[in-house]
$ cat run_35.cif   # mmCIF, C-alpha atoms and all ligand atoms
data_coords
#
loop_
_atom_site.label_atom_id
_atom_site.label_comp_id
_atom_site.auth_asym_id
_atom_site.auth_seq_id
_atom_site.Cartn_x
_atom_site.Cartn_y
_atom_site.Cartn_z
CA MET A 1 86.16 -182.30 155.19
CA ALA A 2 82.44 -182.20 155.96
CA TYR A 3 81.76 -180.29 159.15
CA CYS A 4 78.75 -178.56 160.58
CA ASP A 5 78.52 -175.87 163.24
CA LEU A 6 75.72 -176.63 165.70
CA HIS A 7 76.35 -173.75 168.07
CA THR A 8 76.15 -170.13 166.86
CA HIS A 9 74.41 -166.98 168.04
CA SER A 10 72.84 -164.56 165.59
CA TYR A 11 71.48 -161.16 166.60
CA TYR A 12 68.43 -163.05 167.87
CA SER A 13 70.60 -163.80 170.93
CA PHE A 14 71.03 -160.96 173.44
CA ASP A 15 74.81 -161.03 172.98
CA GLY A 16 74.98 -162.17 169.34
CA LYS A 17 76.22 -159.81 166.64
CA ILE A 18 75.76 -161.91 163.49
CA HIS A 19 73.13 -161.21 160.85
CA PRO A 20 71.57 -164.57 159.93
CA PHE A 21 72.30 -163.99 156.23
CA ASP A 22 75.97 -163.36 157.03
CA LEU A 23 76.02 -166.52 159.12
CA CYS A 24 74.94 -168.62 156.14
CA ALA A 25 77.40 -166.94 153.79
CA GLU A 26 80.24 -167.50 156.25
CA ALA A 27 79.22 -171.14 156.76
CA CYS A 28 79.40 -171.68 152.98
CA ARG A 29 82.73 -169.88 152.80
CA HIS A 30 84.09 -172.41 155.33
CA GLY A 31 82.65 -175.30 153.32
CA LEU A 32 80.25 -176.38 156.08
CA PHE A 33 77.36 -178.59 155.01
CA GLY A 34 75.15 -177.22 157.77
CA VAL A 35 74.81 -174.58 160.45
CA ALA A 36 72.48 -174.11 163.41
CA MET A 37 71.28 -170.86 164.88
CA SER A 38 71.14 -171.83 168.54
CA GLU A 39 69.90 -168.74 170.33
CA HIS A 40 70.19 -168.17 174.07
CA TYR A 41 67.35 -168.75 176.48
CA ASP A 42 68.61 -168.42 180.06
CA PHE A 43 66.49 -169.35 183.05
CA TYR A 44 66.37 -167.66 186.44
CA ALA A 45 63.98 -168.03 189.33
CA ASP A 46 62.79 -164.45 188.81
CA ASP A 47 62.03 -164.95 185.09
CA SER A 48 64.24 -161.97 184.29
CA PHE A 49 65.41 -163.23 180.89
CA ILE A 50 63.01 -161.90 178.27
CA TYR A 51 65.14 -161.41 175.16
CA TYR A 52 64.22 -164.72 173.50
CA SER A 53 60.50 -164.07 173.80
CA LEU A 54 60.82 -160.48 172.54
CA PHE A 55 62.19 -161.70 169.22
CA ALA A 56 60.36 -165.01 168.99
CA GLU A 57 58.13 -163.91 166.12
CA GLY A 58 60.93 -162.92 163.75
CA ARG A 59 62.96 -166.06 164.03
CA ASP A 60 60.89 -168.61 162.07
CA PRO A 61 60.17 -166.35 159.06
CA MET A 62 63.88 -165.49 158.89
CA LEU A 63 64.77 -169.17 158.98
CA ALA A 64 62.30 -169.90 156.19
CA ARG A 65 63.82 -167.12 154.04
CA MET A 66 67.32 -168.42 154.61
CA ARG A 67 66.32 -171.99 153.78
CA SER A 68 64.62 -170.94 150.57
CA LEU A 69 67.66 -168.86 149.57
CA TYR A 70 70.19 -171.61 150.20
CA GLY A 71 68.19 -174.69 149.17
CA ASP A 72 70.44 -177.75 148.97
CA ARG A 73 73.65 -175.74 149.31
CA LEU A 74 73.47 -175.49 153.09
CA LYS A 75 71.43 -177.19 155.78
CA ILE A 76 70.15 -174.56 158.21
CA TRP A 77 68.89 -175.80 161.55
CA LYS A 78 66.84 -174.14 164.23
CA GLY A 79 68.48 -174.59 167.60
CA ILE A 80 68.18 -173.16 171.08
CA GLU A 81 70.67 -172.98 173.94
CA LEU A 82 68.94 -173.41 177.28
CA GLY A 83 70.94 -171.86 180.12
CA GLN A 84 70.40 -173.63 183.46
CA PRO A 85 66.75 -174.57 182.62
CA HIS A 86 66.33 -176.33 185.98
CA TYR A 87 66.53 -172.96 187.81
CA ASN A 88 62.96 -172.32 186.72
CA LEU A 89 61.24 -175.57 185.85
CA LYS A 90 57.86 -173.90 185.45
CA SER A 91 59.11 -171.59 182.69
CA TYR A 92 61.20 -174.37 181.17
CA ARG A 93 58.15 -176.63 180.88
CA GLU A 94 56.09 -173.82 179.37
CA LEU A 95 58.76 -173.23 176.73
CA MET A 96 59.13 -176.93 175.95
CA ARG A 97 55.39 -177.43 175.48
CA ASP A 98 55.36 -175.60 172.14
CA LEU A 99 59.03 -175.67 171.19
CA LYS A 100 59.73 -176.97 167.71
CA CYS A 101 63.36 -177.04 166.74
CA ASP A 102 66.09 -179.22 165.34
CA LEU A 103 68.34 -179.28 168.37
CA ILE A 104 68.35 -178.27 172.02
CA ILE A 105 71.61 -177.41 173.76
CA GLY A 106 71.88 -177.55 177.56
CA SER A 107 74.34 -175.21 179.29
CA ILE A 108 75.28 -173.81 182.67
CA HIS A 109 76.16 -170.09 182.48
CA ASP A 110 75.26 -168.98 186.00
CA LEU A 111 75.63 -170.45 189.45
CA PRO A 112 72.48 -170.19 191.57
CA PRO A 113 70.70 -167.97 192.04
CA LYS A 114 72.26 -165.59 189.49
CA GLU A 115 76.04 -165.51 189.70
CA ASN A 116 77.47 -165.08 186.21
CA ILE A 117 80.48 -167.38 185.78
CA TYR A 118 82.03 -164.84 183.39
CA ARG A 119 81.97 -162.04 185.94
CA ILE A 120 83.46 -163.81 188.95
CA ASP A 121 86.82 -162.48 190.09
CA TYR A 122 88.99 -165.62 190.13
CA ARG A 123 91.94 -165.01 192.41
CA SER A 124 92.85 -168.34 193.93
CA GLN A 125 92.58 -172.09 193.54
CA ALA A 126 89.88 -171.96 196.22
CA ASP A 127 87.80 -169.59 194.06
CA CYS A 128 88.11 -171.95 191.12
CA ASP A 129 87.31 -175.03 193.22
CA ARG A 130 84.15 -173.38 194.53
CA VAL A 131 82.99 -172.51 191.03
CA PHE A 132 83.76 -175.90 189.51
CA GLU A 133 82.21 -177.87 192.36
CA CYS A 134 79.00 -175.85 192.13
CA TYR A 135 79.10 -175.80 188.31
CA PHE A 136 79.30 -179.58 187.95
CA ALA A 137 76.67 -180.14 190.66
CA GLU A 138 74.26 -177.88 188.74
CA MET A 139 75.16 -179.60 185.47
CA ALA A 140 74.27 -182.97 187.01
CA LYS A 141 70.90 -181.57 188.17
CA MET A 142 70.17 -180.10 184.74
CA ILE A 143 70.83 -183.46 183.09
CA GLU A 144 68.61 -185.21 185.61
CA LEU A 145 65.68 -182.80 185.31
CA CYS A 146 65.69 -181.50 181.73
CA ASP A 147 65.42 -182.82 178.21
CA PHE A 148 68.03 -181.67 175.71
CA ASP A 149 70.18 -183.09 172.92
CA ILE A 150 73.66 -181.64 173.45
CA LEU A 151 75.65 -180.83 176.58
CA ALA A 152 77.56 -177.64 175.76
CA HIS A 153 81.01 -176.44 176.73
CA LEU A 154 81.64 -178.76 179.70
CA ASP A 155 84.78 -176.78 180.63
CA TYR A 156 83.11 -173.36 180.27
CA PRO A 157 84.57 -171.72 183.43
CA VAL A 158 88.10 -172.44 182.20
CA ARG A 159 87.60 -169.80 179.50
CA VAL A 160 87.62 -167.01 182.04
CA MET A 161 89.72 -168.16 184.99
CA GLY A 162 92.89 -166.55 183.70
CA GLY A 163 93.43 -164.27 186.67
CA ALA A 164 94.06 -167.13 189.07
CA PHE A 165 96.41 -169.27 186.98
CA GLU A 166 99.44 -169.00 184.78
CA TYR A 167 98.22 -171.98 182.73
CA ALA A 168 94.78 -173.47 182.08
CA PRO A 169 93.67 -175.47 185.13
CA GLU A 170 93.54 -179.19 184.55
CA LEU A 171 89.99 -180.51 184.72
CA GLN A 172 91.29 -183.83 186.03
CA ARG A 173 91.21 -182.25 189.46
CA TYR A 174 87.40 -182.52 189.17
CA GLU A 175 87.32 -185.92 187.50
CA SER A 176 85.17 -187.49 190.23
CA LEU A 177 82.49 -184.84 189.53
CA ILE A 178 82.77 -185.08 185.75
CA ARG A 179 82.66 -188.86 185.30
CA PRO A 180 79.08 -189.36 186.58
CA ILE A 181 77.96 -186.59 184.21
CA LEU A 182 79.61 -188.32 181.26
CA ARG A 183 78.15 -191.68 182.24
CA THR A 184 74.63 -190.25 182.44
CA CYS A 185 75.05 -188.44 179.10
CA ALA A 186 76.17 -191.69 177.49
CA GLU A 187 73.23 -193.61 178.98
CA ARG A 188 70.71 -190.93 178.01
CA GLU A 189 72.27 -190.52 174.55
CA ILE A 190 72.98 -186.85 175.14
CA ALA A 191 75.67 -185.61 172.77
CA LEU A 192 78.87 -184.07 174.09
CA GLU A 193 79.99 -180.87 172.38
CA VAL A 194 83.51 -179.96 171.36
CA ASN A 195 83.36 -176.19 171.63
CA THR A 196 86.03 -174.07 169.95
CA ALA A 197 85.26 -170.70 171.58
CA GLY A 198 88.10 -171.28 174.03
CA LEU A 199 90.50 -170.57 171.15
CA HIS A 200 89.81 -166.87 171.37
CA LYS A 201 89.39 -166.89 175.16
CA TRP A 202 92.02 -167.41 177.78
CA GLN A 203 92.43 -171.18 177.42
CA LYS A 204 93.51 -170.85 173.73
CA ARG A 205 92.27 -174.28 172.65
CA PRO A 206 89.02 -176.16 171.95
CA GLY A 207 87.51 -178.06 174.87
CA PRO A 208 86.86 -180.21 176.71
CA ALA A 209 90.15 -182.11 176.97
CA ILE A 210 90.61 -185.36 175.07
CA TRP A 211 90.45 -187.50 178.21
CA VAL A 212 86.89 -186.22 178.76
CA LEU A 213 85.88 -187.31 175.25
CA GLU A 214 87.57 -190.69 175.82
CA ALA A 215 85.76 -191.20 179.12
CA TYR A 216 82.41 -190.40 177.48
CA LYS A 217 83.20 -192.94 174.76
CA ALA A 218 84.22 -195.56 177.32
CA TYR A 219 80.79 -195.20 178.95
CA GLY A 220 79.22 -195.95 175.55
CA GLY A 221 78.70 -192.34 174.40
CA GLN A 222 78.58 -192.08 170.62
CA ARG A 223 77.40 -188.57 169.88
CA ILE A 224 79.94 -185.78 169.50
CA THR A 225 79.01 -182.39 168.04
CA MET A 226 81.13 -179.47 166.92
CA GLY A 227 80.22 -175.92 167.87
CA SER A 228 82.06 -172.63 167.49
CA ASP A 229 79.77 -170.79 169.93
CA ALA A 230 80.30 -167.85 167.56
CA HIS A 231 78.73 -164.55 168.58
CA ARG A 232 80.73 -162.70 165.91
CA ILE A 233 81.10 -163.60 162.26
CA GLU A 234 84.87 -164.17 162.44
CA HIS A 235 84.41 -167.01 164.92
CA VAL A 236 82.06 -169.18 162.85
CA ALA A 237 83.61 -172.67 162.38
CA ARG A 238 86.85 -171.40 163.89
CA GLY A 239 89.29 -174.17 164.87
CA PHE A 240 87.21 -177.00 163.43
CA ASP A 241 90.23 -178.87 162.02
CA TRP A 242 91.74 -178.84 165.51
CA ALA A 243 88.44 -180.00 167.03
CA ALA A 244 88.16 -182.81 164.46
CA ASP A 245 91.69 -183.95 165.32
CA MET A 246 90.72 -184.12 169.00
CA ILE A 247 87.56 -186.05 168.20
CA ARG A 248 89.46 -188.57 166.09
CA GLU A 249 92.20 -188.87 168.70
CA ALA A 250 89.54 -189.78 171.25
CA GLY A 251 88.50 -192.67 168.99
CA PHE A 252 85.44 -191.30 167.18
CA ASP A 253 85.18 -191.52 163.39
CA HIS A 254 82.01 -189.46 163.02
CA ILE A 255 80.26 -186.36 164.32
CA THR A 256 76.56 -185.91 165.05
CA TYR A 257 73.98 -183.37 163.97
CA PHE A 258 70.25 -183.20 164.57
CA GLU A 259 67.18 -182.63 162.44
CA GLU A 260 63.89 -182.27 164.31
CA ARG A 261 65.80 -183.64 167.28
CA ARG A 262 66.69 -186.88 165.51
CA PRO A 263 70.43 -187.65 165.44
CA LYS A 264 72.31 -188.08 162.19
CA PHE A 265 75.91 -189.05 161.79
CA ILE A 266 78.60 -188.08 159.33
CA ARG A 267 82.15 -189.43 159.05
CA ILE A 268 85.07 -187.16 159.68
ZN ZN B 301 76.83 -171.21 176.35
ZN ZN B 302 76.45 -170.33 173.17
#

$ encode --input "run_35.cif" --output "structure tokens" --more "lines below"
Ligand SMILES: [Zn+2]
Ligand SMILES: [Zn+2]
Amino acid sequence: MAYCDLHTHSYYSFDGKIHPFDLCAEACRHGLFGVAMSEHYDFYADDSFIYYSLFAEGRDPMLARMRSLYGDRLKIWKGIELGQPHYNLKSYRELMRDLKCDLIIGSIHDLPPKENIYRIDYRSQADCDRVFECYFAEMAKMIELCDFDILAHLDYPVRVMGGAFEYAPELQRYESLIRPILRTCAEREIALEVNTAGLHKWQKRPGPAIWVLEAYKAYGGQRITMGSDAHRIEHVARGFDWAADMIREAGFDHITYFEERRPKFIRI
């Protein structure tokens, strides 16, 4: 089956451990027809994230070397994952002015001003409600204010809320916050990502849930992407058969990828 992984982090991301050459070899080993290096760029009001800029010069030459090595055997895309870009619109606009890439992912990793969703101590339903309510409010603002191609890991906080629950919390509790986001994504033709990183986190499955994909489709959304969010080589393309089953069950017969920010579709 022809899949592509649009969400990976090489060592050009602050928390990525994968050598770009290894990424390509692993993508081929899984039979992918394409892979994107979508490195982190997180935004904060104090401009404290500098990692992306520190390694900006190495990235394009590396990409060119990989593309010349692999030729037609593997499509290799340049991506970027913007974390909460609306927290610093000035820096976001500066980055976007010269940014040339195949795909832009939009994500929320931190609640304002700088509360890392991964590091919160989730002890009760009230803790989780506070995070999700704020998380989806920020996601709605990001979609309103910023330009990107793919909305990443909509259920991201679920990955780490294990302390407060015996089982994964059901996102339907927040359906009234999620539906307007899905409607806007469908209208703006922003793709929705099925992210498989949850498989090796606490939730133990790809996300978001099928009803979320169905709701996006019902609003007219047509663009679904697959991303492993791999930071380590063993997670590249992990769980893609499961993700494809979910996508098909939600009524889609194709997935989307991007080249120079133009969408392309392939049947699954
Ligand atoms: Zn992310
Ligand atoms: Zn990521």

$ residues_around --input "run_35.cif" --residues "Lys114 in chain A" --least-positions-apart "3" --cutoff "10 Å" --atoms "all atoms listed in the file" --output "PyMOL selection string"
chain A and resi 43-46+87+109-111+117

$ write_last_selection --input "run_35.cif" --atoms "C-alpha atoms" --output "PDB file, keeping the file's coordinate frame"
ATOM      1  CA  PHE A  43      66.490-169.350 183.050  1.00  0.00           C
ATOM      2  CA  TYR A  44      66.370-167.660 186.440  1.00  0.00           C
ATOM      3  CA  ALA A  45      63.980-168.030 189.330  1.00  0.00           C
ATOM      4  CA  ASP A  46      62.790-164.450 188.810  1.00  0.00           C
ATOM      5  CA  TYR A  87      66.530-172.960 187.810  1.00  0.00           C
ATOM      6  CA  HIS A 109      76.160-170.090 182.480  1.00  0.00           C
ATOM      7  CA  ASP A 110      75.260-168.980 186.000  1.00  0.00           C
ATOM      8  CA  LEU A 111      75.630-170.450 189.450  1.00  0.00           C
ATOM      9  CA  ILE A 117      80.480-167.380 185.780  1.00  0.00           C
TER      10      ILE A 117
END

$ residues_near_ligand --input "run_35.cif" --ligand "ligand ZN 301 (chain B)" --cutoff "8 Å" --atoms "only C-alpha atoms and all ligand atoms" --output "list in words"
His40, Glu81, Gly83, Ser107, Ile108, His109, Ala152, His153, Tyr156 and Asp229 of chain A

$ atom_distance --input "run_35.cif" --atom1 "CA of Cys4 in chain A" --atom2 "CA of Leu63 in chain A"
16.9 Å

$ closest_residue --input "run_35.cif" --among "A:Gly16, A:Gly207, A:Gly58, A:Gly34" --to "Thr256 in chain A" --atoms "only C-alpha atoms"
A:Gly34

$ closest_atom_pairs --input "run_35.cif" --of "chain A" --to "ligand ZN 302 (chain B)" --cutoff "12 Å" --atoms "all atoms listed in the file" --output "Markdown table"
| residue | atom | partner | partner_atom | distance |
| --- | --- | --- | --- | --- |
| A:Asp5 | CA | B:ZN302 | ZN | 11.6 |
| A:Leu6 | CA | B:ZN302 | ZN | 9.8 |
| A:His7 | CA | B:ZN302 | ZN | 6.1 |
| A:Thr8 | CA | B:ZN302 | ZN | 6.3 |
| A:His9 | CA | B:ZN302 | ZN | 6.5 |
| A:Ser10 | CA | B:ZN302 | ZN | 10.2 |
| A:Ser13 | CA | B:ZN302 | ZN | 9.0 |
| A:Phe14 | CA | B:ZN302 | ZN | 10.8 |
| A:Asp15 | CA | B:ZN302 | ZN | 9.4 |
| A:Gly16 | CA | B:ZN302 | ZN | 9.1 |
| A:Ala36 | CA | B:ZN302 | ZN | 11.2 |
| A:Met37 | CA | B:ZN302 | ZN | 9.8 |
| A:Ser38 | CA | B:ZN302 | ZN | 7.2 |
| A:Glu39 | CA | B:ZN302 | ZN | 7.3 |
| A:His40 | CA | B:ZN302 | ZN | 6.7 |
| A:Tyr41 | CA | B:ZN302 | ZN | 9.8 |
| A:Asp42 | CA | B:ZN302 | ZN | 10.6 |
| A:Gly79 | CA | B:ZN302 | ZN | 10.6 |
| A:Ile80 | CA | B:ZN302 | ZN | 9.0 |
| A:Glu81 | CA | B:ZN302 | ZN | 6.4 |
| A:Leu82 | CA | B:ZN302 | ZN | 9.1 |
| A:Gly83 | CA | B:ZN302 | ZN | 9.0 |
| A:Ile104 | CA | B:ZN302 | ZN | 11.4 |
| A:Ile105 | CA | B:ZN302 | ZN | 8.6 |
| A:Gly106 | CA | B:ZN302 | ZN | 9.6 |
| A:Ser107 | CA | B:ZN302 | ZN | 8.1 |
| A:Ile108 | CA | B:ZN302 | ZN | 10.2 |
| A:His109 | CA | B:ZN302 | ZN | 9.3 |
| A:Ile150 | CA | B:ZN302 | ZN | 11.7 |
| A:Leu151 | CA | B:ZN302 | ZN | 11.1 |
| A:Ala152 | CA | B:ZN302 | ZN | 7.8 |
| A:His153 | CA | B:ZN302 | ZN | 8.4 |
| A:Leu154 | CA | B:ZN302 | ZN | 11.9 |
| A:Tyr156 | CA | B:ZN302 | ZN | 10.2 |
| A:Glu193 | CA | B:ZN302 | ZN | 11.1 |
| A:Asn195 | CA | B:ZN302 | ZN | 9.2 |
| A:Thr196 | CA | B:ZN302 | ZN | 10.8 |
| A:Ala197 | CA | B:ZN302 | ZN | 9.0 |
| A:Gly198 | CA | B:ZN302 | ZN | 11.7 |
| A:Gly227 | CA | B:ZN302 | ZN | 8.6 |
| A:Ser228 | CA | B:ZN302 | ZN | 8.3 |
| A:Asp229 | CA | B:ZN302 | ZN | 4.7 |
| A:Ala230 | CA | B:ZN302 | ZN | 7.2 |
| A:His231 | CA | B:ZN302 | ZN | 7.7 |
| A:Arg232 | CA | B:ZN302 | ZN | 11.4 |
| A:His235 | CA | B:ZN302 | ZN | 11.9 |
| A:Val236 | CA | B:ZN302 | ZN | 11.8 |

$ residues_around --input "run_35.cif" --residues "Cys185 in chain A" --least-positions-apart "3" --cutoff "10 Å" --atoms "all atoms listed in the file" --output "PyMOL selection string"
chain A and resi 140+143-144+149-151+179-182+188-192+216+219-223

$ closest_residue --input "run_35.cif" --among "A:Phe21, A:Ala164, A:Ser176, A:Ala209" --to "Ala126 in chain A" --atoms "only C-alpha atoms"
A:Ala164

$ atom_distance --input "run_35.cif" --atom1 "CA of Glu249 in chain A" --atom2 "CA of Ile268 in chain A"
11.6 Å

$ closest_residue --input "run_35.cif" --among "A:His19, A:Arg205, A:Arg93, A:Arg73" --to "Ala243 in chain A" --atoms "all atoms listed in the file"
A:Arg205

$ build_atoms --input "run_35.cif" --residues "range 63-78 of chain A" --atoms "N, CA and C atoms" --output "PDB file, in the frame of the given file"
ATOM      1  N   LEU A  63      64.253-167.836 159.283  1.00  0.00           N
ATOM      2  CA  LEU A  63      64.770-169.170 158.980  1.00  0.00           C
ATOM      3  C   LEU A  63      64.213-169.688 157.653  1.00  0.00           C
ATOM      4  N   ALA A  64      62.934-169.450 157.437  1.00  0.00           N
ATOM      5  CA  ALA A  64      62.300-169.900 156.190  1.00  0.00           C
ATOM      6  C   ALA A  64      62.924-169.179 154.993  1.00  0.00           C
ATOM      7  N   ARG A  65      63.193-167.884 155.132  1.00  0.00           N
ATOM      8  CA  ARG A  65      63.820-167.120 154.040  1.00  0.00           C
ATOM      9  C   ARG A  65      65.215-167.661 153.746  1.00  0.00           C
ATOM     10  N   MET A  66      65.965-167.916 154.806  1.00  0.00           N
ATOM     11  CA  MET A  66      67.320-168.420 154.610  1.00  0.00           C
ATOM     12  C   MET A  66      67.302-169.791 153.936  1.00  0.00           C
ATOM     13  N   ARG A  67      66.388-170.634 154.372  1.00  0.00           N
ATOM     14  CA  ARG A  67      66.320-171.990 153.780  1.00  0.00           C
ATOM     15  C   ARG A  67      65.930-171.912 152.313  1.00  0.00           C
ATOM     16  N   SER A  68      65.023-171.012 151.975  1.00  0.00           N
ATOM     17  CA  SER A  68      64.620-170.940 150.570  1.00  0.00           C
ATOM     18  C   SER A  68      65.749-170.339 149.725  1.00  0.00           C
ATOM     19  N   LEU A  69      66.532-169.437 150.301  1.00  0.00           N
ATOM     20  CA  LEU A  69      67.660-168.860 149.570  1.00  0.00           C
ATOM     21  C   LEU A  69      68.763-169.888 149.301  1.00  0.00           C
ATOM     22  N   TYR A  70      69.039-170.717 150.312  1.00  0.00           N
ATOM     23  CA  TYR A  70      70.190-171.610 150.200  1.00  0.00           C
ATOM     24  C   TYR A  70      69.846-172.990 149.654  1.00  0.00           C
ATOM     25  N   GLY A  71      68.606-173.401 149.734  1.00  0.00           N
ATOM     26  CA  GLY A  71      68.190-174.690 149.170  1.00  0.00           C
ATOM     27  C   GLY A  71      69.086-175.823 149.635  1.00  0.00           C
ATOM     28  N   ASP A  72      69.606-176.578 148.658  1.00  0.00           N
ATOM     29  CA  ASP A  72      70.440-177.750 148.970  1.00  0.00           C
ATOM     30  C   ASP A  72      71.890-177.379 149.290  1.00  0.00           C
ATOM     31  N   ARG A  73      72.238-176.109 149.125  1.00  0.00           N
ATOM     32  CA  ARG A  73      73.650-175.740 149.310  1.00  0.00           C
ATOM     33  C   ARG A  73      74.077-175.753 150.766  1.00  0.00           C
ATOM     34  N   LEU A  74      73.126-175.568 151.663  1.00  0.00           N
ATOM     35  CA  LEU A  74      73.470-175.490 153.090  1.00  0.00           C
ATOM     36  C   LEU A  74      72.258-175.921 153.913  1.00  0.00           C
ATOM     37  N   LYS A  75      72.483-176.852 154.827  1.00  0.00           N
ATOM     38  CA  LYS A  75      71.430-177.190 155.780  1.00  0.00           C
ATOM     39  C   LYS A  75      71.416-176.117 156.863  1.00  0.00           C
ATOM     40  N   ILE A  76      70.247-175.615 157.189  1.00  0.00           N
ATOM     41  CA  ILE A  76      70.150-174.560 158.210  1.00  0.00           C
ATOM     42  C   ILE A  76      69.174-175.057 159.275  1.00  0.00           C
ATOM     43  N   TRP A  77      69.686-175.205 160.482  1.00  0.00           N
ATOM     44  CA  TRP A  77      68.890-175.800 161.550  1.00  0.00           C
ATOM     45  C   TRP A  77      68.472-174.761 162.577  1.00  0.00           C
ATOM     46  N   LYS A  78      67.314-174.997 163.141  1.00  0.00           N
ATOM     47  CA  LYS A  78      66.840-174.140 164.230  1.00  0.00           C
ATOM     48  C   LYS A  78      67.237-174.791 165.552  1.00  0.00           C
TER      49      LYS A  78
END
